[in-house]
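Next comes upload.cif, with mmCIF, N, CA and C atoms.
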data_coords
loop_
_atom_site.label_atom_id
_atom_site.label_comp_id
_atom_site.auth_asym_id
_atom_site.auth_seq_id
_atom_site.Cartn_x
_atom_site.Cartn_y
_atom_site.Cartn_z
N GLN A 403 75.41 -45.08 165.58
CA GLN A 403 76.03 -43.82 165.22
C GLN A 403 75.19 -43.12 164.17
N VAL A 404 74.84 -41.88 164.43
CA VAL A 404 74.03 -41.11 163.50
C VAL A 404 74.89 -40.62 162.35
N GLN A 405 74.35 -40.70 161.17
CA GLN A 405 75.03 -40.14 159.99
C GLN A 405 74.17 -39.05 159.38
N LEU A 406 74.79 -37.94 159.09
CA LEU A 406 74.12 -36.82 158.45
C LEU A 406 74.87 -36.52 157.16
N VAL A 407 74.17 -36.52 156.05
CA VAL A 407 74.81 -36.32 154.76
C VAL A 407 74.20 -35.09 154.09
N GLU A 408 75.02 -34.07 153.92
CA GLU A 408 74.57 -32.83 153.27
C GLU A 408 74.80 -32.91 151.76
N SER A 409 73.98 -32.19 151.04
CA SER A 409 74.14 -32.06 149.60
C SER A 409 73.50 -30.75 149.16
N GLY A 410 73.81 -30.35 147.92
CA GLY A 410 73.16 -29.18 147.36
C GLY A 410 74.00 -27.93 147.28
N GLY A 411 75.22 -27.98 147.81
CA GLY A 411 76.08 -26.81 147.73
C GLY A 411 76.61 -26.59 146.32
N GLY A 412 77.28 -25.48 146.14
CA GLY A 412 77.86 -25.20 144.83
C GLY A 412 78.19 -23.74 144.67
N LEU A 413 78.45 -23.37 143.43
CA LEU A 413 78.79 -21.99 143.07
C LEU A 413 77.55 -21.32 142.49
N VAL A 414 77.21 -20.15 142.99
CA VAL A 414 76.04 -19.42 142.53
C VAL A 414 76.37 -17.93 142.48
N GLN A 415 75.74 -17.23 141.57
CA GLN A 415 75.95 -15.80 141.46
C GLN A 415 75.18 -15.06 142.54
N PRO A 416 75.63 -13.87 142.90
CA PRO A 416 74.87 -13.06 143.87
C PRO A 416 73.43 -12.88 143.39
N GLY A 417 72.51 -13.02 144.33
CA GLY A 417 71.09 -12.95 144.02
C GLY A 417 70.46 -14.29 143.67
N GLY A 418 71.29 -15.28 143.51
CA GLY A 418 70.80 -16.61 143.15
C GLY A 418 70.29 -17.40 144.34
N SER A 419 69.91 -18.64 144.06
CA SER A 419 69.33 -19.51 145.09
C SER A 419 69.98 -20.89 145.07
N LEU A 420 69.97 -21.51 146.23
CA LEU A 420 70.39 -22.90 146.38
C LEU A 420 69.50 -23.54 147.44
N ARG A 421 69.33 -24.84 147.33
CA ARG A 421 68.66 -25.58 148.39
C ARG A 421 69.59 -26.67 148.89
N LEU A 422 69.91 -26.62 150.17
CA LEU A 422 70.72 -27.64 150.81
C LEU A 422 69.81 -28.71 151.41
N SER A 423 70.30 -29.93 151.37
CA SER A 423 69.58 -31.04 151.98
C SER A 423 70.49 -31.74 152.99
N CYS A 424 69.88 -32.26 154.03
CA CYS A 424 70.60 -33.03 155.04
C CYS A 424 69.80 -34.29 155.32
N ALA A 425 70.33 -35.41 154.87
CA ALA A 425 69.66 -36.69 155.06
C ALA A 425 70.22 -37.38 156.28
N ALA A 426 69.35 -37.71 157.22
CA ALA A 426 69.76 -38.38 158.45
C ALA A 426 69.54 -39.88 158.33
N SER A 427 70.36 -40.63 159.08
CA SER A 427 70.30 -42.09 159.00
C SER A 427 69.23 -42.68 159.93
N ARG A 428 68.54 -41.81 160.66
CA ARG A 428 67.47 -42.28 161.52
C ARG A 428 66.37 -41.22 161.59
N SER A 429 65.29 -41.54 162.25
CA SER A 429 64.17 -40.63 162.34
C SER A 429 64.55 -39.31 163.01
N ILE A 430 64.08 -38.21 162.43
CA ILE A 430 64.33 -36.89 163.02
C ILE A 430 63.08 -36.33 163.69
N LEU A 431 62.03 -37.11 163.72
CA LEU A 431 60.74 -36.62 164.20
C LEU A 431 60.82 -36.03 165.60
N SER A 432 61.53 -36.69 166.49
CA SER A 432 61.54 -36.25 167.89
C SER A 432 62.86 -35.59 168.29
N ILE A 433 63.69 -35.29 167.32
CA ILE A 433 64.97 -34.65 167.64
C ILE A 433 64.72 -33.22 168.10
N ARG A 434 65.31 -32.84 169.22
CA ARG A 434 65.07 -31.53 169.82
C ARG A 434 65.38 -30.40 168.85
N TYR A 435 66.56 -30.42 168.24
CA TYR A 435 66.95 -29.39 167.27
C TYR A 435 67.62 -30.03 166.08
N MET A 436 67.22 -29.64 164.89
CA MET A 436 67.97 -29.90 163.68
C MET A 436 68.36 -28.54 163.13
N GLY A 437 69.65 -28.38 162.86
CA GLY A 437 70.09 -27.05 162.47
C GLY A 437 71.09 -27.03 161.35
N TRP A 438 71.25 -25.87 160.78
CA TRP A 438 72.29 -25.59 159.79
C TRP A 438 73.23 -24.54 160.37
N TYR A 439 74.51 -24.84 160.29
CA TYR A 439 75.56 -23.93 160.71
C TYR A 439 76.43 -23.64 159.49
N ARG A 440 77.23 -22.59 159.60
CA ARG A 440 78.18 -22.31 158.53
C ARG A 440 79.48 -21.77 159.12
N GLN A 441 80.53 -22.02 158.37
CA GLN A 441 81.84 -21.53 158.79
C GLN A 441 82.57 -20.98 157.57
N ALA A 442 82.85 -19.71 157.63
CA ALA A 442 83.61 -19.05 156.58
C ALA A 442 85.10 -19.07 156.95
N PRO A 443 85.97 -18.95 155.95
CA PRO A 443 87.42 -18.97 156.24
C PRO A 443 87.80 -17.91 157.27
N GLY A 444 88.52 -18.33 158.29
CA GLY A 444 88.98 -17.40 159.30
C GLY A 444 87.94 -16.99 160.32
N LYS A 445 86.76 -17.58 160.23
CA LYS A 445 85.68 -17.21 161.16
C LYS A 445 85.21 -18.43 161.95
N GLU A 446 84.54 -18.17 163.04
CA GLU A 446 83.99 -19.25 163.84
C GLU A 446 82.71 -19.79 163.19
N ARG A 447 82.42 -21.02 163.51
CA ARG A 447 81.18 -21.62 163.04
C ARG A 447 80.00 -20.92 163.71
N GLU A 448 78.98 -20.60 162.92
CA GLU A 448 77.81 -19.92 163.47
C GLU A 448 76.53 -20.64 163.09
N LEU A 449 75.55 -20.51 163.98
CA LEU A 449 74.24 -21.06 163.69
C LEU A 449 73.56 -20.19 162.65
N VAL A 450 73.03 -20.82 161.62
CA VAL A 450 72.29 -20.12 160.57
C VAL A 450 70.79 -20.22 160.82
N ALA A 451 70.33 -21.44 161.04
CA ALA A 451 68.90 -21.68 161.25
C ALA A 451 68.72 -23.01 161.93
N ARG A 452 67.63 -23.15 162.67
CA ARG A 452 67.33 -24.44 163.25
C ARG A 452 65.82 -24.61 163.39
N ILE A 453 65.44 -25.87 163.46
CA ILE A 453 64.03 -26.23 163.58
C ILE A 453 63.89 -27.20 164.73
N THR A 454 62.88 -26.99 165.55
CA THR A 454 62.69 -27.83 166.72
C THR A 454 61.77 -29.01 166.41
N SER A 455 61.62 -29.89 167.39
CA SER A 455 60.79 -31.07 167.21
C SER A 455 59.32 -30.72 166.96
N ASP A 456 58.89 -29.54 167.43
CA ASP A 456 57.50 -29.14 167.19
C ASP A 456 57.35 -28.26 165.96
N GLY A 457 58.45 -28.10 165.21
CA GLY A 457 58.38 -27.36 163.96
C GLY A 457 58.69 -25.88 164.05
N SER A 458 58.98 -25.40 165.23
CA SER A 458 59.35 -23.99 165.38
C SER A 458 60.70 -23.73 164.75
N THR A 459 60.88 -22.53 164.20
CA THR A 459 62.13 -22.20 163.52
C THR A 459 62.73 -20.91 164.07
N GLU A 460 64.03 -20.80 163.94
CA GLU A 460 64.71 -19.57 164.27
C GLU A 460 65.89 -19.38 163.34
N TYR A 461 66.24 -18.10 163.14
CA TYR A 461 67.27 -17.76 162.16
C TYR A 461 68.21 -16.70 162.74
N VAL A 462 69.44 -16.73 162.25
CA VAL A 462 70.34 -15.63 162.56
C VAL A 462 69.85 -14.41 161.79
N ASP A 463 70.04 -13.24 162.35
CA ASP A 463 69.48 -12.02 161.75
C ASP A 463 69.89 -11.82 160.30
N SER A 464 71.12 -12.17 159.98
CA SER A 464 71.64 -11.89 158.65
C SER A 464 70.96 -12.67 157.53
N VAL A 465 70.20 -13.72 157.87
CA VAL A 465 69.55 -14.51 156.82
C VAL A 465 68.02 -14.43 156.89
N LYS A 466 67.50 -13.74 157.87
CA LYS A 466 66.04 -13.64 158.01
C LYS A 466 65.43 -13.03 156.75
N GLY A 467 64.37 -13.66 156.27
CA GLY A 467 63.71 -13.19 155.07
C GLY A 467 64.31 -13.73 153.79
N ARG A 468 65.48 -14.36 153.88
CA ARG A 468 66.13 -14.92 152.70
C ARG A 468 66.24 -16.45 152.75
N PHE A 469 66.46 -17.00 153.93
CA PHE A 469 66.63 -18.44 154.09
C PHE A 469 65.41 -19.03 154.78
N THR A 470 65.11 -20.27 154.43
CA THR A 470 64.01 -20.99 155.07
C THR A 470 64.45 -22.41 155.39
N ILE A 471 64.31 -22.79 156.65
CA ILE A 471 64.61 -24.16 157.06
C ILE A 471 63.30 -24.93 157.13
N SER A 472 63.35 -26.18 156.68
CA SER A 472 62.16 -27.02 156.73
C SER A 472 62.61 -28.47 156.89
N ARG A 473 61.65 -29.33 157.12
CA ARG A 473 62.00 -30.74 157.29
C ARG A 473 60.92 -31.61 156.68
N ASP A 474 61.31 -32.79 156.26
CA ASP A 474 60.39 -33.83 155.79
C ASP A 474 60.66 -35.03 156.68
N THR A 475 59.82 -35.23 157.67
CA THR A 475 60.07 -36.30 158.64
C THR A 475 59.91 -37.68 158.02
N ALA A 476 59.13 -37.79 156.95
CA ALA A 476 58.98 -39.08 156.28
C ALA A 476 60.27 -39.49 155.58
N LYS A 477 61.04 -38.50 155.16
CA LYS A 477 62.32 -38.76 154.48
C LYS A 477 63.52 -38.56 155.40
N ASN A 478 63.27 -38.19 156.65
CA ASN A 478 64.37 -37.92 157.60
C ASN A 478 65.35 -36.91 157.03
N THR A 479 64.82 -35.87 156.44
CA THR A 479 65.63 -34.88 155.73
C THR A 479 65.26 -33.47 156.17
N VAL A 480 66.29 -32.66 156.34
CA VAL A 480 66.13 -31.25 156.65
C VAL A 480 66.67 -30.44 155.48
N TYR A 481 65.99 -29.36 155.16
CA TYR A 481 66.36 -28.53 154.02
C TYR A 481 66.70 -27.11 154.47
N LEU A 482 67.51 -26.46 153.67
CA LEU A 482 67.74 -25.03 153.85
C LEU A 482 67.62 -24.39 152.48
N GLN A 483 66.52 -23.70 152.27
CA GLN A 483 66.31 -22.96 151.04
C GLN A 483 66.95 -21.59 151.20
N MET A 484 67.89 -21.28 150.32
CA MET A 484 68.63 -20.02 150.42
C MET A 484 68.35 -19.19 149.17
N ASN A 485 67.74 -18.05 149.36
CA ASN A 485 67.43 -17.13 148.26
C ASN A 485 68.19 -15.83 148.44
N SER A 486 68.25 -15.06 147.38
CA SER A 486 68.93 -13.76 147.42
C SER A 486 70.31 -13.86 148.04
N LEU A 487 71.06 -14.84 147.58
CA LEU A 487 72.37 -15.10 148.17
C LEU A 487 73.33 -13.94 147.94
N LYS A 488 74.17 -13.73 148.95
CA LYS A 488 75.16 -12.66 148.93
C LYS A 488 76.56 -13.26 149.05
N PRO A 489 77.57 -12.53 148.60
CA PRO A 489 78.95 -13.04 148.74
C PRO A 489 79.29 -13.40 150.19
N GLU A 490 78.75 -12.67 151.13
CA GLU A 490 79.04 -12.97 152.54
C GLU A 490 78.38 -14.24 153.05
N ASP A 491 77.56 -14.86 152.23
CA ASP A 491 77.00 -16.17 152.58
C ASP A 491 77.96 -17.31 152.24
N THR A 492 79.05 -16.99 151.59
CA THR A 492 80.03 -18.00 151.22
C THR A 492 80.62 -18.66 152.47
N ALA A 493 80.53 -19.98 152.52
CA ALA A 493 81.00 -20.73 153.69
C ALA A 493 80.80 -22.21 153.44
N VAL A 494 81.33 -23.02 154.34
CA VAL A 494 80.97 -24.43 154.39
C VAL A 494 79.76 -24.53 155.32
N TYR A 495 78.72 -25.16 154.83
CA TYR A 495 77.49 -25.30 155.59
C TYR A 495 77.41 -26.71 156.17
N TYR A 496 77.11 -26.78 157.46
CA TYR A 496 77.06 -28.05 158.17
C TYR A 496 75.67 -28.29 158.73
N CYS A 497 75.24 -29.53 158.64
CA CYS A 497 74.00 -29.95 159.28
C CYS A 497 74.32 -30.45 160.69
N ASN A 498 73.44 -30.17 161.62
CA ASN A 498 73.64 -30.59 163.00
C ASN A 498 72.37 -31.17 163.57
N GLU A 499 72.54 -32.29 164.27
CA GLU A 499 71.44 -32.87 165.04
C GLU A 499 71.78 -32.74 166.51
N ASN A 500 70.88 -32.17 167.28
CA ASN A 500 71.12 -31.96 168.70
C ASN A 500 69.93 -32.50 169.47
N GLY A 501 70.14 -33.66 170.11
CA GLY A 501 69.06 -34.29 170.84
C GLY A 501 69.53 -34.93 172.12
N ILE A 502 68.71 -35.80 172.63
CA ILE A 502 69.00 -36.44 173.91
C ILE A 502 70.29 -37.26 173.86
N SER A 503 70.55 -37.88 172.73
CA SER A 503 71.73 -38.75 172.61
C SER A 503 73.00 -38.00 172.28
N GLY A 504 72.89 -36.69 172.08
CA GLY A 504 74.09 -35.92 171.81
C GLY A 504 73.98 -35.03 170.59
N SER A 505 75.13 -34.49 170.17
CA SER A 505 75.19 -33.59 169.03
C SER A 505 76.01 -34.24 167.93
N TYR A 506 75.47 -34.22 166.72
CA TYR A 506 76.13 -34.87 165.60
C TYR A 506 76.21 -33.90 164.43
N TRP A 507 77.29 -34.07 163.63
CA TRP A 507 77.56 -33.18 162.51
C TRP A 507 77.71 -33.94 161.21
N GLY A 508 77.31 -33.30 160.14
CA GLY A 508 77.60 -33.81 158.82
C GLY A 508 78.98 -33.36 158.40
N GLN A 509 79.36 -33.74 157.18
CA GLN A 509 80.71 -33.45 156.70
C GLN A 509 80.83 -32.06 156.11
N GLY A 510 79.70 -31.42 155.85
CA GLY A 510 79.70 -30.07 155.31
C GLY A 510 79.59 -30.04 153.80
N THR A 511 79.03 -28.94 153.31
CA THR A 511 78.93 -28.72 151.87
C THR A 511 79.29 -27.26 151.59
N GLN A 512 80.10 -27.06 150.56
CA GLN A 512 80.61 -25.73 150.27
C GLN A 512 79.58 -24.93 149.48
N VAL A 513 79.35 -23.72 149.92
CA VAL A 513 78.52 -22.76 149.19
C VAL A 513 79.39 -21.55 148.86
N THR A 514 79.49 -21.23 147.58
CA THR A 514 80.28 -20.09 147.14
C THR A 514 79.39 -19.16 146.33
N VAL A 515 79.32 -17.92 146.77
CA VAL A 515 78.51 -16.91 146.09
C VAL A 515 79.47 -15.90 145.47
N SER A 516 79.53 -15.93 144.15
CA SER A 516 80.51 -15.09 143.47
C SER A 516 80.08 -14.87 142.03
N SER A 517 80.42 -13.70 141.52
CA SER A 517 80.14 -13.43 140.11
C SER A 517 81.35 -13.78 139.25
#

Write the structure described by the file as structure tokens, please.
Amino acid sequence: QVQLVESGGGLVQPGGSLRLSCAASRSILSIRYMGWYRQAPGKERELVARITSDGSTEYVDSVKGRFTISRDTAKNTVYLQMNSLKPEDTAVYYCNENGISGSYWGQGTQVTVSS
């Protein structure tokens, strides 16, 4: 059973930055997609960013130029660097692994952007 453990969430003022981490219990080197999703109260979960096994990245339009997804395959960890945070970025952020063996989720980490 794959375990994904997120960390790095918290309360930040508008314009601030946070870096989320997702530590996987096994190698992520060949995983088809590692992604970050978020779910705000009353809204559906949405894809924020993802990185493929060859290192390609994609982002939802609302975070392009502000968020960066990256991975450290030696540490089996995926990161989401979030800059210029806005109140509308407030949500629970979830890490997702999507590969041949299925789709797995972390427990989520709360990000609150507020003054």

In Å, with one decimal, what is the gap from atom N of A:Arg468 to atom C of A:Val404?
->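 Pair atom N of A:Arg468 / atom C of A:Val404 returns 29.2 Å.
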
Please provide as a VMD selection string all residues within 7 Å of A:Asn498, with the sequence filter that same-chain residues fewer than 3 positions apart are discarded (counting only N, CA and C atoms).
-> chain A and resid 435 to 439 505 to 508

Which residues match the PyMOL selection byres ((chain A and resi 423-429) around 6.5) in the file above, as a compact mmCIF listing (two decimals) with N, CA and C atoms, keeping the file's coordinate frame?
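As a result, expr.txt now contains:
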# COMPACT_ATOMS: atom_id res chain seq x y z
N VAL A 404 74.84 -41.88 164.43
CA VAL A 404 74.03 -41.11 163.50
C VAL A 404 74.89 -40.62 162.35
N GLN A 405 74.35 -40.70 161.17
CA GLN A 405 75.03 -40.14 159.99
C GLN A 405 74.17 -39.05 159.38
N LEU A 406 74.79 -37.94 159.09
CA LEU A 406 74.12 -36.82 158.45
C LEU A 406 74.87 -36.52 157.16
N VAL A 407 74.17 -36.52 156.05
CA VAL A 407 74.81 -36.32 154.76
C VAL A 407 74.20 -35.09 154.09
N GLU A 408 75.02 -34.07 153.92
CA GLU A 408 74.57 -32.83 153.27
C GLU A 408 74.80 -32.91 151.76
N SER A 409 73.98 -32.19 151.04
CA SER A 409 74.14 -32.06 149.60
C SER A 409 73.50 -30.75 149.16
N GLY A 410 73.81 -30.35 147.92
CA GLY A 410 73.16 -29.18 147.36
C GLY A 410 74.00 -27.93 147.28
N GLY A 411 75.22 -27.98 147.81
CA GLY A 411 76.08 -26.81 147.73
C GLY A 411 76.61 -26.59 146.32
N ARG A 421 69.33 -24.84 147.33
CA ARG A 421 68.66 -25.58 148.39
C ARG A 421 69.59 -26.67 148.89
N LEU A 422 69.91 -26.62 150.17
CA LEU A 422 70.72 -27.64 150.81
C LEU A 422 69.81 -28.71 151.41
N ILE A 430 64.08 -38.21 162.43
CA ILE A 430 64.33 -36.89 163.02
C ILE A 430 63.08 -36.33 163.69
N LEU A 431 62.03 -37.11 163.72
CA LEU A 431 60.74 -36.62 164.20
C LEU A 431 60.82 -36.03 165.60
N SER A 432 61.53 -36.69 166.49
CA SER A 432 61.54 -36.25 167.89
C SER A 432 62.86 -35.59 168.29
N ILE A 433 63.69 -35.29 167.32
CA ILE A 433 64.97 -34.65 167.64
C ILE A 433 64.72 -33.22 168.10
N LYS A 477 61.04 -38.50 155.16
CA LYS A 477 62.32 -38.76 154.48
C LYS A 477 63.52 -38.56 155.40
N ASN A 478 63.27 -38.19 156.65
CA ASN A 478 64.37 -37.92 157.60
C ASN A 478 65.35 -36.91 157.03
N THR A 479 64.82 -35.87 156.44
CA THR A 479 65.63 -34.88 155.73
C THR A 479 65.26 -33.47 156.17
N VAL A 480 66.29 -32.66 156.34
CA VAL A 480 66.13 -31.25 156.65
C VAL A 480 66.67 -30.44 155.48
N TYR A 481 65.99 -29.36 155.16
CA TYR A 481 66.36 -28.53 154.02
C TYR A 481 66.70 -27.11 154.47
N LEU A 482 67.51 -26.46 153.67
CA LEU A 482 67.74 -25.03 153.85
C LEU A 482 67.62 -24.39 152.48
N CYS A 497 75.24 -29.53 158.64
CA CYS A 497 74.00 -29.95 159.28
C CYS A 497 74.32 -30.45 160.69

How far is it from atom CA of A:Asn500 to atom CA of A:Asn485, in Å with one decimal?
->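 One can read the atom CA of A:Asn500 to atom CA of A:Asn485 distance as 25.5 Å.
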
Hey, what comes out of the PyMOL selection byres ((chain A and resi 450) around 6) on this file? Could you write it as a list in words?
-> Trp438, Tyr439, Arg440, Glu448, Leu449, Ala451, Arg452, Glu460, Tyr461 and Val462 of chain A

Please, could you write that set of residues out with N, CA and C atoms as a CSV table (one decimal), in the frame of the given file?
chain,number,residue,atom,x,y,z
A,438,TRP,N,71.2,-25.9,160.8
A,438,TRP,CA,72.3,-25.6,159.8
A,438,TRP,C,73.2,-24.5,160.4
A,439,TYR,N,74.5,-24.8,160.3
A,439,TYR,CA,75.6,-23.9,160.7
A,439,TYR,C,76.4,-23.6,159.5
A,440,ARG,N,77.2,-22.6,159.6
A,440,ARG,CA,78.2,-22.3,158.5
A,440,ARG,C,79.5,-21.8,159.1
A,448,GLU,N,79.0,-20.6,162.9
A,448,GLU,CA,77.8,-19.9,163.5
A,448,GLU,C,76.5,-20.6,163.1
A,449,LEU,N,75.6,-20.5,164.0
A,449,LEU,CA,74.2,-21.1,163.7
A,449,LEU,C,73.6,-20.2,162.6
A,451,ALA,N,70.3,-21.4,161.0
A,451,ALA,CA,68.9,-21.7,161.2
A,451,ALA,C,68.7,-23.0,161.9
A,452,ARG,N,67.6,-23.2,162.7
A,452,ARG,CA,67.3,-24.4,163.2
A,452,ARG,C,65.8,-24.6,163.4
A,460,GLU,N,64.0,-20.8,163.9
A,460,GLU,CA,64.7,-19.6,164.3
A,460,GLU,C,65.9,-19.4,163.3
A,461,TYR,N,66.2,-18.1,163.1
A,461,TYR,CA,67.3,-17.8,162.2
A,461,TYR,C,68.2,-16.7,162.7
A,462,VAL,N,69.4,-16.7,162.2
A,462,VAL,CA,70.3,-15.6,162.6
A,462,VAL,C,69.8,-14.4,161.8

Just asking: which residues within chain A are strand (DSSP E) according to DSSP, as a PyMOL selection string?
-> chain A and resi 406-409+412-414+420-426+435-441+448-454+459-461+469-474+479-484+493-501+504-507+511-515

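Among A:Arg434, A:Arg447, A:Val515, A:Thr475, the residue with the shortest atom-to-atom distance to A:Gly501, counting only N, CA and C atoms, is A:Arg434.
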
Evaluate the PyMOL selection byres (((chain A and resi 441 and name CA) around 9) and name CA) and record the selected residues as a VMD selection string, following the chain and residue labels used in the document.
-> chain A and resid 439 to 440 442 to 448 492 to 496

Can you work out the spacing between atom CA of A:Ser472 and atom C of A:Glu499 in Å, to one decimal?
->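 A separation of 14.9 Å between them.
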
Using DSSP on the backbone coordinates, identify the residues of chain A assigned to helix (DSSP H, G or I); present them as number ranges by chain.
-> A: 463-465, 489-491

Include N, CA and C atoms and write out the residues we just selected as a JSON list (two decimals), keeping the file's coordinate frame.
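And here is the file that came out, part_2.json:
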[["chain", "number", "residue", "atom", "x", "y", "z"],
["A", 463, "ASP", "N", 70.04, -13.24, 162.35],
["A", 463, "ASP", "CA", 69.48, -12.02, 161.75],
["A", 463, "ASP", "C", 69.89, -11.82, 160.30],
["A", 464, "SER", "N", 71.12, -12.17, 159.98],
["A", 464, "SER", "CA", 71.64, -11.89, 158.65],
["A", 464, "SER", "C", 70.96, -12.67, 157.53],
["A", 465, "VAL", "N", 70.20, -13.72, 157.87],
["A", 465, "VAL", "CA", 69.55, -14.51, 156.82],
["A", 465, "VAL", "C", 68.02, -14.43, 156.89],
["A", 489, "PRO", "N", 77.57, -12.53, 148.60],
["A", 489, "PRO", "CA", 78.95, -13.04, 148.74],
["A", 489, "PRO", "C", 79.29, -13.40, 150.19],
["A", 490, "GLU", "N", 78.75, -12.67, 151.13],
["A", 490, "GLU", "CA", 79.04, -12.97, 152.54],
["A", 490, "GLU", "C", 78.38, -14.24, 153.05],
["A", 491, "ASP", "N", 77.56, -14.86, 152.23],
["A", 491, "ASP", "CA", 77.00, -16.17, 152.58],
["A", 491, "ASP", "C", 77.96, -17.31, 152.24]]

Could you add whatever atoms are missing so that stretch 485-498 of chain A carries N, CA, C and O atoms, then write the result as a PDB file, in the coordinates of the input?
ATOM      1  N   ASN A 485      67.740 -18.050 149.360  1.00  0.00           N
ATOM      2  CA  ASN A 485      67.430 -17.130 148.260  1.00  0.00           C
ATOM      3  C   ASN A 485      68.190 -15.830 148.440  1.00  0.00           C
ATOM      4  O   ASN A 485      68.694 -15.527 149.524  1.00  0.00           O
ATOM      5  N   SER A 486      68.250 -15.060 147.380  1.00  0.00           N
ATOM      6  CA  SER A 486      68.930 -13.760 147.420  1.00  0.00           C
ATOM      7  C   SER A 486      70.310 -13.860 148.040  1.00  0.00           C
ATOM      8  O   SER A 486      70.683 -13.074 148.921  1.00  0.00           O
ATOM      9  N   LEU A 487      71.060 -14.840 147.580  1.00  0.00           N
ATOM     10  CA  LEU A 487      72.370 -15.100 148.170  1.00  0.00           C
ATOM     11  C   LEU A 487      73.330 -13.940 147.940  1.00  0.00           C
ATOM     12  O   LEU A 487      73.290 -13.265 146.905  1.00  0.00           O
ATOM     13  N   LYS A 488      74.170 -13.730 148.950  1.00  0.00           N
ATOM     14  CA  LYS A 488      75.160 -12.660 148.930  1.00  0.00           C
ATOM     15  C   LYS A 488      76.560 -13.260 149.050  1.00  0.00           C
ATOM     16  O   LYS A 488      76.719 -14.358 149.585  1.00  0.00           O
ATOM     17  N   PRO A 489      77.570 -12.530 148.600  1.00  0.00           N
ATOM     18  CA  PRO A 489      78.950 -13.040 148.740  1.00  0.00           C
ATOM     19  C   PRO A 489      79.290 -13.400 150.190  1.00  0.00           C
ATOM     20  O   PRO A 489      80.029 -14.369 150.415  1.00  0.00           O
ATOM     21  N   GLU A 490      78.750 -12.670 151.130  1.00  0.00           N
ATOM     22  CA  GLU A 490      79.040 -12.970 152.540  1.00  0.00           C
ATOM     23  C   GLU A 490      78.380 -14.240 153.050  1.00  0.00           C
ATOM     24  O   GLU A 490      78.647 -14.657 154.172  1.00  0.00           O
ATOM     25  N   ASP A 491      77.560 -14.860 152.230  1.00  0.00           N
ATOM     26  CA  ASP A 491      77.000 -16.170 152.580  1.00  0.00           C
ATOM     27  C   ASP A 491      77.960 -17.310 152.240  1.00  0.00           C
ATOM     28  O   ASP A 491      77.689 -18.468 152.582  1.00  0.00           O
ATOM     29  N   THR A 492      79.050 -16.990 151.590  1.00  0.00           N
ATOM     30  CA  THR A 492      80.030 -18.000 151.220  1.00  0.00           C
ATOM     31  C   THR A 492      80.620 -18.660 152.470  1.00  0.00           C
ATOM     32  O   THR A 492      81.105 -17.974 153.364  1.00  0.00           O
ATOM     33  N   ALA A 493      80.530 -19.980 152.520  1.00  0.00           N
ATOM     34  CA  ALA A 493      81.000 -20.730 153.690  1.00  0.00           C
ATOM     35  C   ALA A 493      80.800 -22.210 153.440  1.00  0.00           C
ATOM     36  O   ALA A 493      80.145 -22.608 152.459  1.00  0.00           O
ATOM     37  N   VAL A 494      81.330 -23.020 154.340  1.00  0.00           N
ATOM     38  CA  VAL A 494      80.970 -24.430 154.390  1.00  0.00           C
ATOM     39  C   VAL A 494      79.760 -24.530 155.320  1.00  0.00           C
ATOM     40  O   VAL A 494      79.792 -24.020 156.441  1.00  0.00           O
ATOM     41  N   TYR A 495      78.720 -25.160 154.830  1.00  0.00           N
ATOM     42  CA  TYR A 495      77.490 -25.300 155.590  1.00  0.00           C
ATOM     43  C   TYR A 495      77.410 -26.710 156.170  1.00  0.00           C
ATOM     44  O   TYR A 495      77.586 -27.701 155.444  1.00  0.00           O
ATOM     45  N   TYR A 496      77.110 -26.780 157.460  1.00  0.00           N
ATOM     46  CA  TYR A 496      77.060 -28.050 158.170  1.00  0.00           C
ATOM     47  C   TYR A 496      75.670 -28.290 158.730  1.00  0.00           C
ATOM     48  O   TYR A 496      75.046 -27.379 159.282  1.00  0.00           O
ATOM     49  N   CYS A 497      75.240 -29.530 158.640  1.00  0.00           N
ATOM     50  CA  CYS A 497      74.000 -29.950 159.280  1.00  0.00           C
ATOM     51  C   CYS A 497      74.320 -30.450 160.690  1.00  0.00           C
ATOM     52  O   CYS A 497      75.358 -31.093 160.904  1.00  0.00           O
ATOM     53  N   ASN A 498      73.440 -30.170 161.620  1.00  0.00           N
ATOM     54  CA  ASN A 498      73.640 -30.590 163.000  1.00  0.00           C
ATOM     55  C   ASN A 498      72.370 -31.170 163.570  1.00  0.00           C
ATOM     56  O   ASN A 498      71.272 -30.632 163.377  1.00  0.00           O
TER      57      ASN A 498
END
